[in-house]
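A.B. asks: Please read through the structure below; I'll follow up with questions.
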Amino acid sequence: LNDDQNSDSDSSRLSESTASSSDSEYSRQSFNSDSSSKPSSPASASPPKIITFDELMAAARNLTDLTLAHEIAVNANFCIKHEDFPQNSFAGTVKQIVHKAFWDRLESELNEDPPEYEHAIKLFEEIKEILLSFLTPGANRIQNQICEVLDTDLIRQQAEHNAVDIHGLANYIINTMGKLCAPVRDNDIKQLKATDNIVELLRQIFRVLDLMKVDMANYTIQNLRPYLQRNLVDYERTKFQEILEETPSALDLTTEWIKESIEDELSSVSDESSSSPGADSSSKPIISPTLVLNNSYLKLLQWDYRKTIPETLITDEVRLQELREKLNQLKIIACVCLITNNMVGAAIVDVPDFADQLKRISVPLLEGMNKKTFDLKEALNAIGVQICSKVNRSLTERGLPTLNEEMQSNLMGQIAHIVEENNPVSSLIDKRIQFFMRSLLALPSFQKCMPTMPGGLSVIQMEMEFVGSQYASIVNFNKQVYGPFYANILRKLLFPEAPMGKAETETPIS
């Protein structure tokens with residue numbers, strides 16, 4: 001909100017300040033937020049220490065800053081929204097009652113003879129601080145003008161002599177808001193100028209100021225996003241290092257997450273060795289750290305998000321949960337199509353795009369399947385009914401006999417059984433989805449092509465590739481940021497006898 005050098009000349013009196021009628025004389029430029037970060041590499045593990053409450057709160061603040069910065073950088077739609085309590089809620093009702101009591105009291109005081117201005121003066125002081133918060137360093141002229149016009153000591157002296165021009169002060173505030181606000185608030189400013197009742201005017205001024213705060217925050221976010229995107233890896237790593245220094249246990253869940261994958265891999269290697277004749281059971285198995293880490297990431301696609309996610313994934317928890325839910329929906333669709341094709345494939349083999357028609361039937365009925373109130377069995381029954389109807393309609397149109405009751409019952413039953421644990425079709429599709437995602441993680445991060453889609457997933461290929469690209473993007477970025485931390489953990493778990501050095505901690509896992 002830089003001061004326009006070509007605007008009105010400086011004014012030291014309220015009458016001169018309120019005389020300006022052209023808001024366009026001031027340029028409206030939102031301030032830029034200056035933020036900096038220094039690249040940092042995780043240091044070696046700190047020895048256990050007692051954590052004070054202040055250190056714990058500092059770690060919490062760092063985590064909040066880290067999560068916010070990450071969200072701004074990776075989510076192009078992220079913005080601050082002005083929200084209020086619903087009017088019919090308890091909190092909304094209490095707020096409404098308290099606010100009404102405050103404004104009624106203010107109106108009563110201003111209607112006294114002589115008027116009582118103390119509460120109004122406090123409001124002007126608060127308004128002054130809000131207006132000053134909208135300014136950037138260097139906007140000295142308008143800053144001095146706001147401080148001079150809204151000088152609470154001067155207003156209080158005027159009040160003692162019953163000489164406060166409260167309408168004039170309100171008009172100055174509105175004109176200043178008009179010069180500082182975003183164009184989207186011009187209509188709100190016009191409505192303020194049309195309000196005569198001083199108490200209602202002050203109340204509406206605060207409402208518009210709240211909106212201007214949100215506008216400023218979002219404009220700052222918009223300007224900050226390119227910077228964060230360029231520097232996010234170093235910023236997140238530095239922030240997490242600060243958290244780790246203040247809270248040494250900040251990698252406990254991450255360590256356990258990786259440890260589980262190591263145990264799974266050891267179990268898999270052990271099974272392979274026992275089934276291979278002539279294998280040397282005394283030799284220590286060699287495990288790939290990259291494979292362990294990739295398997296850890298795959299666990300996130302089947303994670304129970306009622307549990308706490310590993311600390312290094314907190315910034316992407318919501319996105320990972322959404323991907324898991326989308327994959328669950330795609331798995332059901334692929335199962336439905338595979339069952340239908342196996343049972344009545346001969347009857348629909350000549351129908352073009354029949355698999356896509358089955359998908360269009362299934363998708364609406366599976367919307368919201370992640371909600372607790374969603375009844376998947378009921379949805380599968382409905383899908384079975386519609387698919388039988390669709391198949392019969394297609395057969396009738398071609399003059400062929402429709403499915404008999406036994407075939408329809410069998411088809412609907414197999415679709416309904418998808419929800420059961422260890423269902424063979426569901427297990428098969430799940431393994432193929434996992435294979436595709438594992439193949440995706442095995443590709444170099446710079447390689448843009450997709451791995452071959454496993455059989456049975458062709459009907460959801462487009463959706464799988466979209467979800468896969470989002471998943472790979474999250475994983476590759478996470479490796480960039482937290483690779484040194486993961487390397488340190490893997491080294492301790494896989495090679496506990498190996499010496500630790502600073503250079504080792506700086507080698508990220510790719």
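Here, A, B, ... name the chains of the structure tokens in the order displayed, residue numbers run from 1 inside each chain, and ligands are numbered from 1 in the same displayed order.
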If you run DSSP on this backbone, which residues of region 123-174 of chain A come out as alpha helix (DSSP H), and could you give them as number ranges by chain?

C.D. replies: A: 123-133, 140-149, 152-160, 166-174

A.B. asks: Write the selection just made, keeping N, CA, C and O atoms, as a compact mmCIF listing (two decimals), in the first residue's frame?

C.D. replies:
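Generated file (out-v2.txt):
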```txt
# COMPACT_ATOMS: atom_id res chain seq x y z
N LEU A 123 -12.98 2.42 19.99
CA LEU A 123 -13.20 1.86 18.66
C LEU A 123 -12.34 2.57 17.61
O LEU A 123 -11.76 1.93 16.74
N PHE A 124 -12.25 3.90 17.72
CA PHE A 124 -11.42 4.66 16.78
C PHE A 124 -9.94 4.26 16.91
O PHE A 124 -9.21 4.18 15.92
N GLU A 125 -9.52 4.00 18.16
CA GLU A 125 -8.14 3.58 18.37
C GLU A 125 -7.88 2.22 17.72
O GLU A 125 -6.84 2.00 17.09
N GLU A 126 -8.83 1.31 17.83
CA GLU A 126 -8.69 0.00 17.20
C GLU A 126 -8.69 0.11 15.69
O GLU A 126 -7.91 -0.55 15.00
N ILE A 127 -9.57 0.96 15.16
CA ILE A 127 -9.63 1.18 13.71
C ILE A 127 -8.30 1.73 13.22
O ILE A 127 -7.79 1.33 12.16
N LYS A 128 -7.73 2.67 13.98
CA LYS A 128 -6.44 3.25 13.59
C LYS A 128 -5.37 2.17 13.46
O LYS A 128 -4.62 2.13 12.47
N GLU A 129 -5.30 1.26 14.45
CA GLU A 129 -4.30 0.20 14.41
C GLU A 129 -4.51 -0.72 13.21
O GLU A 129 -3.54 -1.18 12.59
N ILE A 130 -5.77 -1.00 12.87
CA ILE A 130 -6.05 -1.87 11.73
C ILE A 130 -5.62 -1.19 10.43
O ILE A 130 -4.98 -1.80 9.57
N LEU A 131 -5.95 0.10 10.29
CA LEU A 131 -5.56 0.82 9.07
C LEU A 131 -4.04 0.87 8.94
O LEU A 131 -3.50 0.69 7.84
N LEU A 132 -3.34 1.10 10.05
CA LEU A 132 -1.87 1.15 10.00
C LEU A 132 -1.29 -0.21 9.61
O LEU A 132 -0.24 -0.27 8.97
N SER A 133 -1.97 -1.29 10.00
CA SER A 133 -1.47 -2.62 9.67
C SER A 133 -1.52 -2.90 8.18
O SER A 133 -0.86 -3.82 7.69
N ASN A 140 4.95 6.75 4.57
CA ASN A 140 5.03 7.65 5.73
C ASN A 140 3.95 8.71 5.74
O ASN A 140 3.43 9.06 6.81
N ARG A 141 3.60 9.25 4.58
CA ARG A 141 2.66 10.37 4.57
C ARG A 141 1.29 9.95 5.07
O ARG A 141 0.72 10.56 5.96
N ILE A 142 0.77 8.83 4.50
CA ILE A 142 -0.56 8.40 4.91
C ILE A 142 -0.54 7.85 6.34
O ILE A 142 -1.50 7.98 7.10
N GLN A 143 0.61 7.29 6.74
CA GLN A 143 0.74 6.81 8.12
C GLN A 143 0.64 7.98 9.10
O GLN A 143 -0.08 7.91 10.10
N ASN A 144 1.36 9.04 8.80
CA ASN A 144 1.32 10.22 9.67
C ASN A 144 -0.08 10.82 9.71
O ASN A 144 -0.55 11.29 10.76
N GLN A 145 -0.74 10.82 8.55
CA GLN A 145 -2.08 11.39 8.48
C GLN A 145 -3.08 10.60 9.33
O GLN A 145 -3.88 11.17 10.07
N ILE A 146 -3.01 9.25 9.24
CA ILE A 146 -3.90 8.41 10.04
C ILE A 146 -3.67 8.65 11.53
O ILE A 146 -4.61 8.80 12.31
N CYS A 147 -2.39 8.69 11.92
CA CYS A 147 -2.06 8.90 13.34
C CYS A 147 -2.51 10.27 13.82
O CYS A 147 -2.93 10.43 14.98
N GLU A 148 -2.44 11.26 12.93
CA GLU A 148 -2.81 12.63 13.32
C GLU A 148 -4.32 12.77 13.44
O GLU A 148 -4.83 13.33 14.42
N VAL A 149 -5.05 12.25 12.47
CA VAL A 149 -6.51 12.39 12.47
C VAL A 149 -7.13 11.54 13.56
O VAL A 149 -8.07 11.97 14.24
N THR A 152 -6.05 9.53 19.54
CA THR A 152 -7.05 9.31 20.59
C THR A 152 -6.92 10.32 21.74
O THR A 152 -7.92 10.68 22.36
N ASP A 153 -5.70 10.79 22.00
CA ASP A 153 -5.55 11.80 23.06
C ASP A 153 -6.25 13.09 22.67
O ASP A 153 -6.94 13.73 23.49
N LEU A 154 -6.09 13.47 21.38
CA LEU A 154 -6.76 14.69 20.90
C LEU A 154 -8.27 14.51 20.91
O LEU A 154 -9.02 15.41 21.32
N ILE A 155 -8.74 13.33 20.45
CA ILE A 155 -10.18 13.07 20.42
C ILE A 155 -10.76 13.10 21.84
O ILE A 155 -11.85 13.63 22.07
N ARG A 156 -9.99 12.57 22.80
CA ARG A 156 -10.46 12.56 24.19
C ARG A 156 -10.56 13.99 24.73
O ARG A 156 -11.51 14.33 25.46
N GLN A 157 -9.61 14.85 24.36
CA GLN A 157 -9.67 16.25 24.78
C GLN A 157 -10.89 16.95 24.17
O GLN A 157 -11.58 17.74 24.83
N GLN A 158 -11.15 16.64 22.88
CA GLN A 158 -12.32 17.22 22.23
C GLN A 158 -13.60 16.73 22.90
O GLN A 158 -14.57 17.50 23.05
N ALA A 159 -13.60 15.45 23.34
CA ALA A 159 -14.78 14.90 23.99
C ALA A 159 -15.08 15.61 25.30
O ALA A 159 -16.24 15.80 25.67
N GLU A 160 -14.03 16.01 26.00
CA GLU A 160 -14.23 16.71 27.27
C GLU A 160 -14.94 18.04 27.07
O GLU A 160 -15.62 18.54 27.97
N ILE A 166 -17.80 13.22 15.31
CA ILE A 166 -17.75 11.76 15.14
C ILE A 166 -18.10 11.34 13.71
O ILE A 166 -17.54 10.39 13.16
N HIS A 167 -19.02 12.08 13.07
CA HIS A 167 -19.35 11.77 11.67
C HIS A 167 -18.18 12.09 10.75
O HIS A 167 -17.92 11.38 9.78
N GLY A 168 -17.47 13.18 11.06
CA GLY A 168 -16.31 13.53 10.26
C GLY A 168 -15.21 12.48 10.37
O GLY A 168 -14.57 12.12 9.38
N LEU A 169 -14.99 11.98 11.59
CA LEU A 169 -14.00 10.92 11.78
C LEU A 169 -14.39 9.66 10.99
O LEU A 169 -13.55 9.01 10.35
N ALA A 170 -15.68 9.31 11.05
CA ALA A 170 -16.15 8.12 10.33
C ALA A 170 -15.96 8.30 8.82
O ALA A 170 -15.56 7.36 8.12
N ASN A 171 -16.25 9.51 8.32
CA ASN A 171 -16.07 9.75 6.88
C ASN A 171 -14.60 9.65 6.47
O ASN A 171 -14.28 9.13 5.40
N TYR A 172 -13.71 10.15 7.35
CA TYR A 172 -12.28 10.04 7.05
C TYR A 172 -11.87 8.56 6.98
O TYR A 172 -11.13 8.15 6.08
N ILE A 173 -12.36 7.78 7.92
CA ILE A 173 -12.04 6.35 7.96
C ILE A 173 -12.52 5.67 6.68
O ILE A 173 -11.80 4.88 6.06
N ILE A 174 -13.76 5.97 6.28
CA ILE A 174 -14.32 5.35 5.07
C ILE A 174 -13.49 5.72 3.84
O ILE A 174 -13.18 4.87 3.00
```

A.B. asks: Would you mind listing what lies within 7 Å of region 321-333 of chain A as an NGL selection string, with only C-alpha atoms counted and same-chain residues fewer than 6 positions away left out?

C.D. replies: :A and (301-302 or 359 or 362 or 366 or 370 or 429-430 or 460 or 467)

A.B. asks: What's the separation between CA of Ala69 (chain A) and CA of Tyr227 (chain A), in Å to one decimal place?

C.D. replies: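 CA of Tyr227 (chain A) lies at a distance of 10.4 Å from CA of Ala69 (chain A).
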
A.B. asks: Of the candidates A:Asn381, A:Gln229, A:Gln191, A:Thr254, which one gets nearest to Asn488 (chain A) if we count only C-alpha atoms?

C.D. replies: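 Smallest separation from Asn488 (chain A) among the options: A:Thr254.
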
A.B. asks: Please, what distance in Å, to one decimal, runs between CA of Asn423 (chain A) and CA of Met462 (chain A)?

C.D. replies: 25.1 Å

A.B. asks: Please, what distance in Å, to one decimal, runs between CA of Lys371 (chain A) and CA of Ser409 (chain A)?

C.D. replies: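 Going from CA of Lys371 (chain A) over to CA of Ser409 (chain A), I get 28.3 Å.
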
A.B. asks: Excluding Met453 (chain A) and residues on its chain fewer than 6 positions from it, collect all residues at most 12 Å away from it, counting only C-alpha atoms, and give them as a list in words.

C.D. replies: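 So, after excluding close chain neighbours, the residues are Ile429, Arg432, Ile433, Gln434, Phe435, Phe436, Met437, Arg438, Ser439, Leu440, Val459, Ile460, Gln461, Met462, Glu463, Met464, Glu465 and Gly468 of chain A.
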
A.B. asks: Could you save the residues just selected, with C-alpha atoms, as a PDB file, in the first residue's frame?

C.D. replies:
```pdb
ATOM      1  CA  ILE A 429      -7.297 -55.886  -8.208  1.00  0.00           C
ATOM      2  CA  ARG A 432      -2.428 -54.986  -9.374  1.00  0.00           C
ATOM      3  CA  ILE A 433      -3.012 -51.431  -8.155  1.00  0.00           C
ATOM      4  CA  GLN A 434      -0.151 -51.847  -5.678  1.00  0.00           C
ATOM      5  CA  PHE A 435       2.049 -53.249  -8.463  1.00  0.00           C
ATOM      6  CA  PHE A 436       1.312 -50.221 -10.658  1.00  0.00           C
ATOM      7  CA  MET A 437       2.092 -47.781  -7.842  1.00  0.00           C
ATOM      8  CA  ARG A 438       5.283 -49.662  -6.949  1.00  0.00           C
ATOM      9  CA  SER A 439       6.369 -49.558 -10.607  1.00  0.00           C
ATOM     10  CA  LEU A 440       5.654 -45.825 -10.636  1.00  0.00           C
ATOM     11  CA  VAL A 459     -11.208 -49.402 -17.525  1.00  0.00           C
ATOM     12  CA  ILE A 460      -9.717 -47.074 -14.890  1.00  0.00           C
ATOM     13  CA  GLN A 461      -6.434 -46.366 -16.682  1.00  0.00           C
ATOM     14  CA  MET A 462      -6.958 -42.626 -17.117  1.00  0.00           C
ATOM     15  CA  GLU A 463      -7.958 -42.165 -13.466  1.00  0.00           C
ATOM     16  CA  MET A 464      -5.126 -44.405 -12.244  1.00  0.00           C
ATOM     17  CA  GLU A 465      -2.542 -42.425 -14.184  1.00  0.00           C
ATOM     18  CA  GLY A 468      -0.465 -42.010  -9.805  1.00  0.00           C
TER      19      GLY A 468
END
```

A.B. asks: Skipping near chain neighbours, those fewer than 6 positions away, what residues fall within 12 Å of Gly399 (chain A) using only C-alpha atoms, listed as a list in words?

C.D. replies: Ala347, Asn392 and Arg393 of chain A
